[in-house]
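**Q** Below is the file run_38.pdb, which contains PDB, C-alpha atoms.
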MODEL        1
ATOM      1  CA  MET A   1     -13.111  35.189 -59.472  1.00  0.00           C
ATOM      2  CA  ASN A   2     -10.289  34.075 -61.787  1.00  0.00           C
ATOM      3  CA  LYS A   3      -9.307  30.457 -61.271  1.00  0.00           C
ATOM      4  CA  GLN A   4      -5.626  29.581 -61.534  1.00  0.00           C
ATOM      5  CA  THR A   5      -4.396  26.018 -61.967  1.00  0.00           C
ATOM      6  CA  ARG A   6      -1.354  24.105 -60.866  1.00  0.00           C
ATOM      7  CA  ALA A   7      -0.595  20.489 -61.606  1.00  0.00           C
ATOM      8  CA  ALA A   8       0.667  17.578 -59.525  1.00  0.00           C
ATOM      9  CA  SER A   9       0.644  13.789 -59.717  1.00  0.00           C
ATOM     10  CA  MET A  10      -1.262  10.860 -58.172  1.00  0.00           C
ATOM     11  CA  ARG A  11      -0.097   7.904 -56.112  1.00  0.00           C
ATOM     12  CA  PRO A  12      -2.260   4.921 -57.013  1.00  0.00           C
ATOM     13  CA  ALA A  13      -1.035   2.500 -54.330  1.00  0.00           C
ATOM     14  CA  SER A  14      -2.997   4.515 -51.746  1.00  0.00           C
ATOM     15  CA  TYR A  15      -6.199   3.321 -53.438  1.00  0.00           C
ATOM     16  CA  ASP A  16      -8.564   1.675 -50.930  1.00  0.00           C
ATOM     17  CA  PRO A  17     -11.015  -0.641 -52.746  1.00  0.00           C
ATOM     18  CA  ALA A  18     -13.249  -0.945 -49.658  1.00  0.00           C
ATOM     19  CA  THR A  19     -14.045   2.785 -49.734  1.00  0.00           C
ATOM     20  CA  ASN A  20     -13.181   3.521 -53.404  1.00  0.00           C
ATOM     21  CA  THR A  21     -10.875   6.321 -52.223  1.00  0.00           C
ATOM     22  CA  ILE A  22      -7.334   7.418 -53.016  1.00  0.00           C
ATOM     23  CA  GLU A  23      -5.018   9.985 -51.428  1.00  0.00           C
ATOM     24  CA  VAL A  24      -3.515  12.876 -53.331  1.00  0.00           C
ATOM     25  CA  ILE A  25      -0.835  15.429 -52.733  1.00  0.00           C
ATOM     26  CA  TRP A  26      -2.513  18.402 -54.399  1.00  0.00           C
ATOM     27  CA  THR A  27       0.337  20.866 -53.884  1.00  0.00           C
ATOM     28  CA  THR A  28       3.914  21.035 -52.687  1.00  0.00           C
ATOM     29  CA  GLY A  29       4.052  24.826 -52.886  1.00  0.00           C
ATOM     30  CA  ALA A  30       6.778  24.516 -55.530  1.00  0.00           C
ATOM     31  CA  ALA A  31       7.526  27.571 -57.626  1.00  0.00           C
ATOM     32  CA  VAL A  32       5.701  27.554 -60.954  1.00  0.00           C
ATOM     33  CA  ARG A  33       6.651  29.784 -63.866  1.00  0.00           C
ATOM     34  CA  ARG A  34       3.865  32.203 -64.854  1.00  0.00           C
ATOM     35  CA  TYR A  35       3.521  35.096 -67.275  1.00  0.00           C
ATOM     36  CA  ASP A  36       1.860  38.453 -66.536  1.00  0.00           C
ATOM     37  CA  HIS A  37       0.374  39.523 -69.878  1.00  0.00           C
ATOM     38  CA  ARG A  38      -0.428  43.039 -68.637  1.00  0.00           C
ATOM     39  CA  ARG A  39       3.217  43.772 -67.812  1.00  0.00           C
ATOM     40  CA  SER A  40       4.751  41.343 -70.334  1.00  0.00           C
ATOM     41  CA  VAL A  41       6.944  39.797 -67.651  1.00  0.00           C
ATOM     42  CA  SER A  42       7.619  36.284 -66.385  1.00  0.00           C
ATOM     43  CA  TYR A  43       7.568  35.523 -62.674  1.00  0.00           C
ATOM     44  CA  ASP A  44       7.760  32.595 -60.283  1.00  0.00           C
ATOM     45  CA  GLU A  45       4.519  31.953 -58.400  1.00  0.00           C
ATOM     46  CA  ILE A  46       4.837  30.241 -55.021  1.00  0.00           C
ATOM     47  CA  LEU A  47       1.767  29.057 -53.139  1.00  0.00           C
ATOM     48  CA  SER A  48       2.501  29.538 -49.447  1.00  0.00           C
ATOM     49  CA  LEU A  49       1.553  26.606 -47.245  1.00  0.00           C
ATOM     50  CA  GLN A  50       2.155  28.503 -44.017  1.00  0.00           C
ATOM     51  CA  PRO A  51      -0.573  28.357 -41.337  1.00  0.00           C
ATOM     52  CA  GLY A  52      -3.398  30.735 -42.187  1.00  0.00           C
ATOM     53  CA  HIS A  53      -2.369  31.171 -45.835  1.00  0.00           C
ATOM     54  CA  VAL A  54      -4.570  28.431 -47.367  1.00  0.00           C
ATOM     55  CA  ARG A  55      -8.365  28.489 -47.106  1.00  0.00           C
ATOM     56  CA  LEU A  56      -9.336  24.798 -46.956  1.00  0.00           C
ATOM     57  CA  ASP A  57     -13.099  25.234 -46.424  1.00  0.00           C
ATOM     58  CA  ARG A  58     -14.137  24.423 -50.014  1.00  0.00           C
ATOM     59  CA  LEU A  59     -11.940  21.341 -50.230  1.00  0.00           C
ATOM     60  CA  ASN A  60     -13.140  20.106 -46.848  1.00  0.00           C
ATOM     61  CA  ALA A  61     -16.761  20.622 -47.884  1.00  0.00           C
ATOM     62  CA  GLY A  62     -16.297  17.984 -50.630  1.00  0.00           C
ATOM     63  CA  ALA A  63     -14.820  19.913 -53.574  1.00  0.00           C
ATOM     64  CA  PRO A  64     -14.884  18.018 -56.891  1.00  0.00           C
ATOM     65  CA  LEU A  65     -12.209  15.935 -58.574  1.00  0.00           C
ATOM     66  CA  LEU A  66     -12.573  17.054 -62.193  1.00  0.00           C
ATOM     67  CA  ASP A  67     -11.401  15.741 -65.529  1.00  0.00           C
ATOM     68  CA  THR A  68      -8.801  18.360 -66.640  1.00  0.00           C
ATOM     69  CA  HIS A  69     -10.291  21.415 -64.889  1.00  0.00           C
ATOM     70  CA  ASP A  70     -13.579  21.138 -66.812  1.00  0.00           C
ATOM     71  CA  ASP A  71     -15.808  23.053 -64.399  1.00  0.00           C
ATOM     72  CA  ARG A  72     -18.554  23.632 -66.978  1.00  0.00           C
ATOM     73  CA  HIS A  73     -20.017  20.124 -67.167  1.00  0.00           C
ATOM     74  CA  LEU A  74     -21.341  17.839 -64.453  1.00  0.00           C
ATOM     75  CA  ALA A  75     -20.102  14.848 -66.463  1.00  0.00           C
ATOM     76  CA  ALA A  76     -16.532  16.044 -65.813  1.00  0.00           C
ATOM     77  CA  VAL A  77     -16.897  15.370 -62.060  1.00  0.00           C
ATOM     78  CA  ILE A  78     -15.122  12.041 -61.510  1.00  0.00           C
ATOM     79  CA  GLY A  79     -14.872  12.171 -57.733  1.00  0.00           C
ATOM     80  CA  SER A  80     -14.846  14.476 -54.731  1.00  0.00           C
ATOM     81  CA  VAL A  81     -12.700  15.326 -51.751  1.00  0.00           C
ATOM     82  CA  VAL A  82     -13.754  13.308 -48.718  1.00  0.00           C
ATOM     83  CA  PRO A  83     -15.161  15.996 -46.387  1.00  0.00           C
ATOM     84  CA  GLY A  84     -12.692  16.982 -43.699  1.00  0.00           C
ATOM     85  CA  SER A  85      -9.718  15.162 -45.282  1.00  0.00           C
ATOM     86  CA  ALA A  86      -7.903  18.157 -46.846  1.00  0.00           C
ATOM     87  CA  ARG A  87      -4.987  19.377 -44.795  1.00  0.00           C
ATOM     88  CA  ILE A  88      -1.486  20.808 -44.871  1.00  0.00           C
ATOM     89  CA  GLU A  89       0.888  18.124 -43.628  1.00  0.00           C
ATOM     90  CA  GLY A  90       4.651  18.480 -43.505  1.00  0.00           C
ATOM     91  CA  GLY A  91       4.637  21.270 -46.081  1.00  0.00           C
ATOM     92  CA  LEU A  92       2.336  19.397 -48.504  1.00  0.00           C
ATOM     93  CA  GLY A  93      -1.342  19.781 -49.381  1.00  0.00           C
ATOM     94  CA  VAL A  94      -2.933  16.358 -48.859  1.00  0.00           C
ATOM     95  CA  ALA A  95      -6.505  15.053 -49.271  1.00  0.00           C
ATOM     96  CA  ARG A  96      -8.437  11.799 -49.692  1.00  0.00           C
ATOM     97  CA  ILE A  97     -10.606  11.553 -52.826  1.00  0.00           C
ATOM     98  CA  LYS A  98     -13.765   9.467 -53.220  1.00  0.00           C
ATOM     99  CA  LEU A  99     -13.751   8.193 -56.821  1.00  0.00           C
ATOM    100  CA  SER A 100     -16.859   7.885 -58.964  1.00  0.00           C
ATOM    101  CA  SER A 101     -18.356   4.439 -59.430  1.00  0.00           C
ATOM    102  CA  ALA A 102     -20.516   5.543 -62.388  1.00  0.00           C
ATOM    103  CA  ASP A 103     -20.244   3.409 -65.514  1.00  0.00           C
ATOM    104  CA  ALA A 104     -19.546   6.517 -67.612  1.00  0.00           C
ATOM    105  CA  ASP A 105     -16.410   7.228 -65.529  1.00  0.00           C
ATOM    106  CA  ALA A 106     -15.093   3.644 -65.396  1.00  0.00           C
ATOM    107  CA  ASP A 107     -12.326   4.111 -68.017  1.00  0.00           C
ATOM    108  CA  VAL A 108     -10.792   7.169 -66.351  1.00  0.00           C
ATOM    109  CA  ILE A 109     -11.165   5.787 -62.809  1.00  0.00           C
ATOM    110  CA  GLY A 110      -9.628   2.486 -63.940  1.00  0.00           C
ATOM    111  CA  LYS A 111      -6.610   4.354 -65.304  1.00  0.00           C
ATOM    112  CA  ILE A 112      -6.244   6.215 -61.988  1.00  0.00           C
ATOM    113  CA  ARG A 113      -6.413   2.968 -59.971  1.00  0.00           C
ATOM    114  CA  ASP A 114      -3.927   1.316 -62.371  1.00  0.00           C
ATOM    115  CA  GLY A 115      -1.460   4.202 -62.085  1.00  0.00           C
ATOM    116  CA  ILE A 116      -1.769   5.176 -65.750  1.00  0.00           C
ATOM    117  CA  ILE A 117      -3.226   8.576 -64.840  1.00  0.00           C
ATOM    118  CA  ARG A 118      -0.951   9.886 -62.074  1.00  0.00           C
ATOM    119  CA  ASN A 119      -1.012  13.643 -62.376  1.00  0.00           C
ATOM    120  CA  ILE A 120      -3.309  16.081 -60.681  1.00  0.00           C
ATOM    121  CA  SER A 121      -3.688  19.817 -60.598  1.00  0.00           C
ATOM    122  CA  VAL A 122      -5.333  22.159 -58.148  1.00  0.00           C
ATOM    123  CA  GLY A 123      -7.594  24.963 -59.352  1.00  0.00           C
ATOM    124  CA  TYR A 124      -7.488  27.924 -56.982  1.00  0.00           C
ATOM    125  CA  ALA A 125      -8.439  31.541 -56.366  1.00  0.00           C
ATOM    126  CA  ILE A 126      -5.824  34.054 -55.257  1.00  0.00           C
ATOM    127  CA  HIS A 127      -6.835  36.543 -52.574  1.00  0.00           C
ATOM    128  CA  ARG A 128      -3.485  38.120 -51.633  1.00  0.00           C
ATOM    129  CA  VAL A 129       0.011  38.145 -53.136  1.00  0.00           C
ATOM    130  CA  GLU A 130       3.344  39.532 -51.988  1.00  0.00           C
ATOM    131  CA  LYS A 131       5.378  40.537 -55.037  1.00  0.00           C
ATOM    132  CA  THR A 132       9.153  40.752 -54.864  1.00  0.00           C
ATOM    133  CA  GLU A 133      11.046  42.280 -57.761  1.00  0.00           C
ATOM    134  CA  HIS A 134      14.583  41.097 -58.442  1.00  0.00           C
ATOM    135  CA  GLU A 135      16.934  43.256 -60.511  1.00  0.00           C
ATOM    136  CA  GLY A 136      18.052  41.251 -63.554  1.00  0.00           C
ATOM    137  CA  GLU A 137      16.010  38.208 -62.484  1.00  0.00           C
ATOM    138  CA  ASP A 138      12.396  37.150 -62.671  1.00  0.00           C
ATOM    139  CA  ASP A 139      10.033  38.471 -60.036  1.00  0.00           C
ATOM    140  CA  GLU A 140       8.629  36.255 -57.282  1.00  0.00           C
ATOM    141  CA  TRP A 141       4.947  36.283 -56.441  1.00  0.00           C
ATOM    142  CA  ARG A 142       4.326  34.579 -53.094  1.00  0.00           C
ATOM    143  CA  VAL A 143       0.617  33.824 -52.739  1.00  0.00           C
ATOM    144  CA  ILE A 144      -0.108  34.279 -49.030  1.00  0.00           C
ATOM    145  CA  ASP A 145      -3.906  33.999 -49.111  1.00  0.00           C
ATOM    146  CA  TRP A 146      -5.401  31.511 -51.540  1.00  0.00           C
ATOM    147  CA  GLU A 147      -8.301  29.117 -51.822  1.00  0.00           C
ATOM    148  CA  PRO A 148      -8.265  25.714 -53.540  1.00  0.00           C
ATOM    149  CA  LEU A 149     -11.539  25.345 -55.494  1.00  0.00           C
ATOM    150  CA  GLU A 150     -11.132  21.912 -57.103  1.00  0.00           C
ATOM    151  CA  ILE A 151      -8.657  19.144 -57.807  1.00  0.00           C
ATOM    152  CA  SER A 152      -8.288  17.734 -61.335  1.00  0.00           C
ATOM    153  CA  ALA A 153      -6.820  14.688 -63.008  1.00  0.00           C
ATOM    154  CA  VAL A 154      -4.549  16.059 -65.766  1.00  0.00           C
ATOM    155  CA  PRO A 155      -2.118  14.693 -68.363  1.00  0.00           C
ATOM    156  CA  VAL A 156       0.764  17.110 -67.575  1.00  0.00           C
ATOM    157  CA  PRO A 157       1.344  18.787 -64.189  1.00  0.00           C
ATOM    158  CA  ALA A 158       2.949  22.129 -63.341  1.00  0.00           C
ATOM    159  CA  ASP A 159       3.777  21.095 -59.746  1.00  0.00           C
ATOM    160  CA  ALA A 160       5.763  17.902 -60.299  1.00  0.00           C
ATOM    161  CA  GLY A 161       5.311  16.824 -56.686  1.00  0.00           C
ATOM    162  CA  ALA A 162       1.517  16.753 -56.570  1.00  0.00           C
ATOM    163  CA  HIS A 163       0.141  13.306 -57.245  1.00  0.00           C
ATOM    164  CA  PHE A 164      -1.974  10.364 -56.117  1.00  0.00           C
ATOM    165  CA  ARG A 165      -0.279   8.924 -53.039  1.00  0.00           C
ATOM    166  CA  ASP A 166       0.964   5.375 -52.721  1.00  0.00           C
ATOM    167  CA  LEU A 167       1.686   3.239 -49.691  1.00  0.00           C
ATOM    168  CA  ARG A 168       5.471   3.436 -49.974  1.00  0.00           C
ATOM    169  CA  ASP A 169       7.347   5.837 -47.747  1.00  0.00           C
ATOM    170  CA  ASP A 170       4.952   8.786 -47.879  1.00  0.00           C
ATOM    171  CA  SER A 171       6.771  11.015 -45.446  1.00  0.00           C
ATOM    172  CA  PRO A 172       7.047  14.641 -46.597  1.00  0.00           C
ATOM    173  CA  GLU A 173      10.815  14.158 -46.999  1.00  0.00           C
ATOM    174  CA  ALA A 174      10.341  11.113 -49.254  1.00  0.00           C
ATOM    175  CA  ALA A 175       7.708  12.964 -51.316  1.00  0.00           C
ATOM    176  CA  ARG A 176      10.058  15.916 -51.797  1.00  0.00           C
ATOM    177  CA  GLU A 177      12.926  13.578 -52.775  1.00  0.00           C
ATOM    178  CA  ARG A 178      10.729  11.886 -55.415  1.00  0.00           C
ATOM    179  CA  MET A 179       9.715  15.359 -56.692  1.00  0.00           C
ATOM    180  CA  ARG A 180      13.394  16.402 -56.983  1.00  0.00           C
ATOM    181  CA  ALA A 181      14.190  13.169 -58.831  1.00  0.00           C
ATOM    182  CA  ARG A 182      11.334  13.786 -61.311  1.00  0.00           C
ATOM    183  CA  GLN A 183      12.467  17.387 -61.856  1.00  0.00           C
ATOM    184  CA  ASP A 184      16.086  16.245 -62.388  1.00  0.00           C
ATOM    185  CA  ALA A 185      14.893  13.674 -64.942  1.00  0.00           C
ATOM    186  CA  VAL A 186      13.073  16.383 -66.910  1.00  0.00           C
ATOM    187  CA  ALA A 187      16.014  18.824 -66.811  1.00  0.00           C
TER     188      ALA A 187
ENDMDL
END
Mind turning this structure into structure tokens?

**A**
Amino acid sequence: MNKQTRAASMRPASYDPATNTIEVIWTTGAAVRRYDHRRSVSYDEILSLQPGHVRLDRLNAGAPLLDTHDDRHLAAVIGSVVPGSARIEGGLGVARIKLSSADADADVIGKIRDGIIRNISVGYAIHRVEKTEHEGEDDEWRVIDWEPLEISAVPVPADAGAHFRDLRDDSPEAARERMRARQDAVA
């Protein structure tokens, strides 16, 4: 199974010191530019968040929070999804993460709690895609059956709206507005 990745960002103010947990938005479903090497063509990949399109079983079973998608080493596991906390809410993928309390992870976890590391990415498997070709424009690949495998802390996200949650206005509308503002700042 080929694992794809898509980045997001973290919201450190949602950190709960009593449980050593933090909430993340692990996807907004935003279009991400991809390249099909077999056909030598660029396309926009959109992860559908419609009911029945996202298989949440792995996340809800306690999928790992990894350091930059490193799924080859146990030392790269810096937390895990709190079982049963992954959900689609208001058009966003949301989950609560239990952070590691191991001494070896203290530097990275401290940077997450302090808001220095804000970005996350979801690693996922694609099971079904609807491809739409546009004459004179890039194709659109809407992923209508996909499975998140892990969530990672990353330096640079692809999905600008995925992040650690904070305790400010965390409504889906406010999250989307912050995502638009970040995208406008980059443009």

**Q** Once the PyMOL selection byres ((chain A and resi 41-47) around 6) has been applied to the shown file, what residues remain in the selection, as a VMD selection string?

**A** chain A and resid 29 31 to 36 39 to 40 48 138 to 143

**Q** The PyMOL selection byres ((chain A and resi 83) around 9) on the file shown: which residues, as a ChimeraX atom specification?

**A** /A:59-63,80-82,84-86,96

**Q** Hey, which bits of segment 74-104 of chain A sit within 9 Å of segment 156-162 of chain A, and for each residue what's the closest pair of atoms and how far apart in Å (one decimal), counting all atoms listed in the file, rows by chain and increasing number, as a tab-separated table?

**A**
residue	atom	partner	partner_atom	distance
A:Leu92	CA	A:Ala162	CA	8.5
A:Gly93	CA	A:Ala162	CA	8.3
A:Val94	CA	A:Ala162	CA	8.9

**Q** Find the residue from A:Val77, A:Leu66, A:Val154, A:Ile144 that sits nearest to Leu49 of chain A; use all atoms listed in the file when measuring.

**A**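 Closest residue, counting all atoms listed in the file: A:Ile144.
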
**Q** If the PyMOL selection byres ((chain A and resi 99-107) around 6) is run on the structure shown, which residues does it catch, given as a PyMOL selection string?

**A** chain A and resi 20-21+78-79+98+108-110

**Q** Report the distance between atom CA of Arg38 of chain A and atom CA of Gly123 of chain A in Å, rounded to one decimal place.

**A** 21.5 Å

**Q** Around the point (-5.6, 20.0, -65.2), in the coordinates given by the file, pick out the residues reaching within 12 Å, counting all atoms listed in the file, and return them as a ChimeraX atom specification.

**A** /A:3-9,26,65-71,76,117-124,150-159,162-163

**Q** Any chance you could model N, CA, C and O atoms for segment 137-148 of chain A and send them as a PDB file, in the coordinates of the input?

**A**
ATOM      1  N   GLU A 137      16.576  39.548 -62.624  1.00  0.00           N
ATOM      2  CA  GLU A 137      16.010  38.208 -62.484  1.00  0.00           C
ATOM      3  C   GLU A 137      14.489  38.305 -62.545  1.00  0.00           C
ATOM      4  O   GLU A 137      13.929  39.395 -62.478  1.00  0.00           O
ATOM      5  N   ASP A 138      13.859  37.156 -62.661  1.00  0.00           N
ATOM      6  CA  ASP A 138      12.396  37.150 -62.671  1.00  0.00           C
ATOM      7  C   ASP A 138      11.845  37.471 -61.291  1.00  0.00           C
ATOM      8  O   ASP A 138      12.457  37.142 -60.267  1.00  0.00           O
ATOM      9  N   ASP A 139      10.693  38.129 -61.283  1.00  0.00           N
ATOM     10  CA  ASP A 139      10.033  38.471 -60.036  1.00  0.00           C
ATOM     11  C   ASP A 139       9.522  37.206 -59.345  1.00  0.00           C
ATOM     12  O   ASP A 139       9.370  36.155 -59.964  1.00  0.00           O
ATOM     13  N   GLU A 140       9.232  37.344 -58.053  1.00  0.00           N
ATOM     14  CA  GLU A 140       8.629  36.255 -57.282  1.00  0.00           C
ATOM     15  C   GLU A 140       7.300  36.753 -56.726  1.00  0.00           C
ATOM     16  O   GLU A 140       7.229  37.828 -56.151  1.00  0.00           O
ATOM     17  N   TRP A 141       6.271  35.983 -56.978  1.00  0.00           N
ATOM     18  CA  TRP A 141       4.947  36.283 -56.441  1.00  0.00           C
ATOM     19  C   TRP A 141       4.615  35.193 -55.438  1.00  0.00           C
ATOM     20  O   TRP A 141       4.362  34.045 -55.802  1.00  0.00           O
ATOM     21  N   ARG A 142       4.654  35.527 -54.150  1.00  0.00           N
ATOM     22  CA  ARG A 142       4.326  34.579 -53.094  1.00  0.00           C
ATOM     23  C   ARG A 142       2.855  34.784 -52.736  1.00  0.00           C
ATOM     24  O   ARG A 142       2.459  35.837 -52.253  1.00  0.00           O
ATOM     25  N   VAL A 143       2.051  33.758 -52.997  1.00  0.00           N
ATOM     26  CA  VAL A 143       0.617  33.824 -52.739  1.00  0.00           C
ATOM     27  C   VAL A 143       0.404  33.461 -51.276  1.00  0.00           C
ATOM     28  O   VAL A 143       0.639  32.318 -50.869  1.00  0.00           O
ATOM     29  N   ILE A 144      -0.011  34.462 -50.479  1.00  0.00           N
ATOM     30  CA  ILE A 144      -0.108  34.279 -49.030  1.00  0.00           C
ATOM     31  C   ILE A 144      -1.548  34.178 -48.536  1.00  0.00           C
ATOM     32  O   ILE A 144      -1.777  34.029 -47.330  1.00  0.00           O
ATOM     33  N   ASP A 145      -2.498  34.251 -49.443  1.00  0.00           N
ATOM     34  CA  ASP A 145      -3.906  33.999 -49.111  1.00  0.00           C
ATOM     35  C   ASP A 145      -4.541  33.448 -50.374  1.00  0.00           C
ATOM     36  O   ASP A 145      -4.708  34.170 -51.351  1.00  0.00           O
ATOM     37  N   TRP A 146      -4.846  32.159 -50.352  1.00  0.00           N
ATOM     38  CA  TRP A 146      -5.401  31.511 -51.540  1.00  0.00           C
ATOM     39  C   TRP A 146      -6.365  30.419 -51.128  1.00  0.00           C
ATOM     40  O   TRP A 146      -6.353  29.947 -50.006  1.00  0.00           O
ATOM     41  N   GLU A 147      -7.207  30.040 -52.095  1.00  0.00           N
ATOM     42  CA  GLU A 147      -8.301  29.117 -51.822  1.00  0.00           C
ATOM     43  C   GLU A 147      -8.405  28.042 -52.900  1.00  0.00           C
ATOM     44  O   GLU A 147      -8.788  28.336 -54.029  1.00  0.00           O
ATOM     45  N   PRO A 148      -8.062  26.796 -52.574  1.00  0.00           N
ATOM     46  CA  PRO A 148      -8.265  25.714 -53.540  1.00  0.00           C
ATOM     47  C   PRO A 148      -9.771  25.559 -53.806  1.00  0.00           C
ATOM     48  O   PRO A 148     -10.572  25.528 -52.874  1.00  0.00           O
TER      49      PRO A 148
END
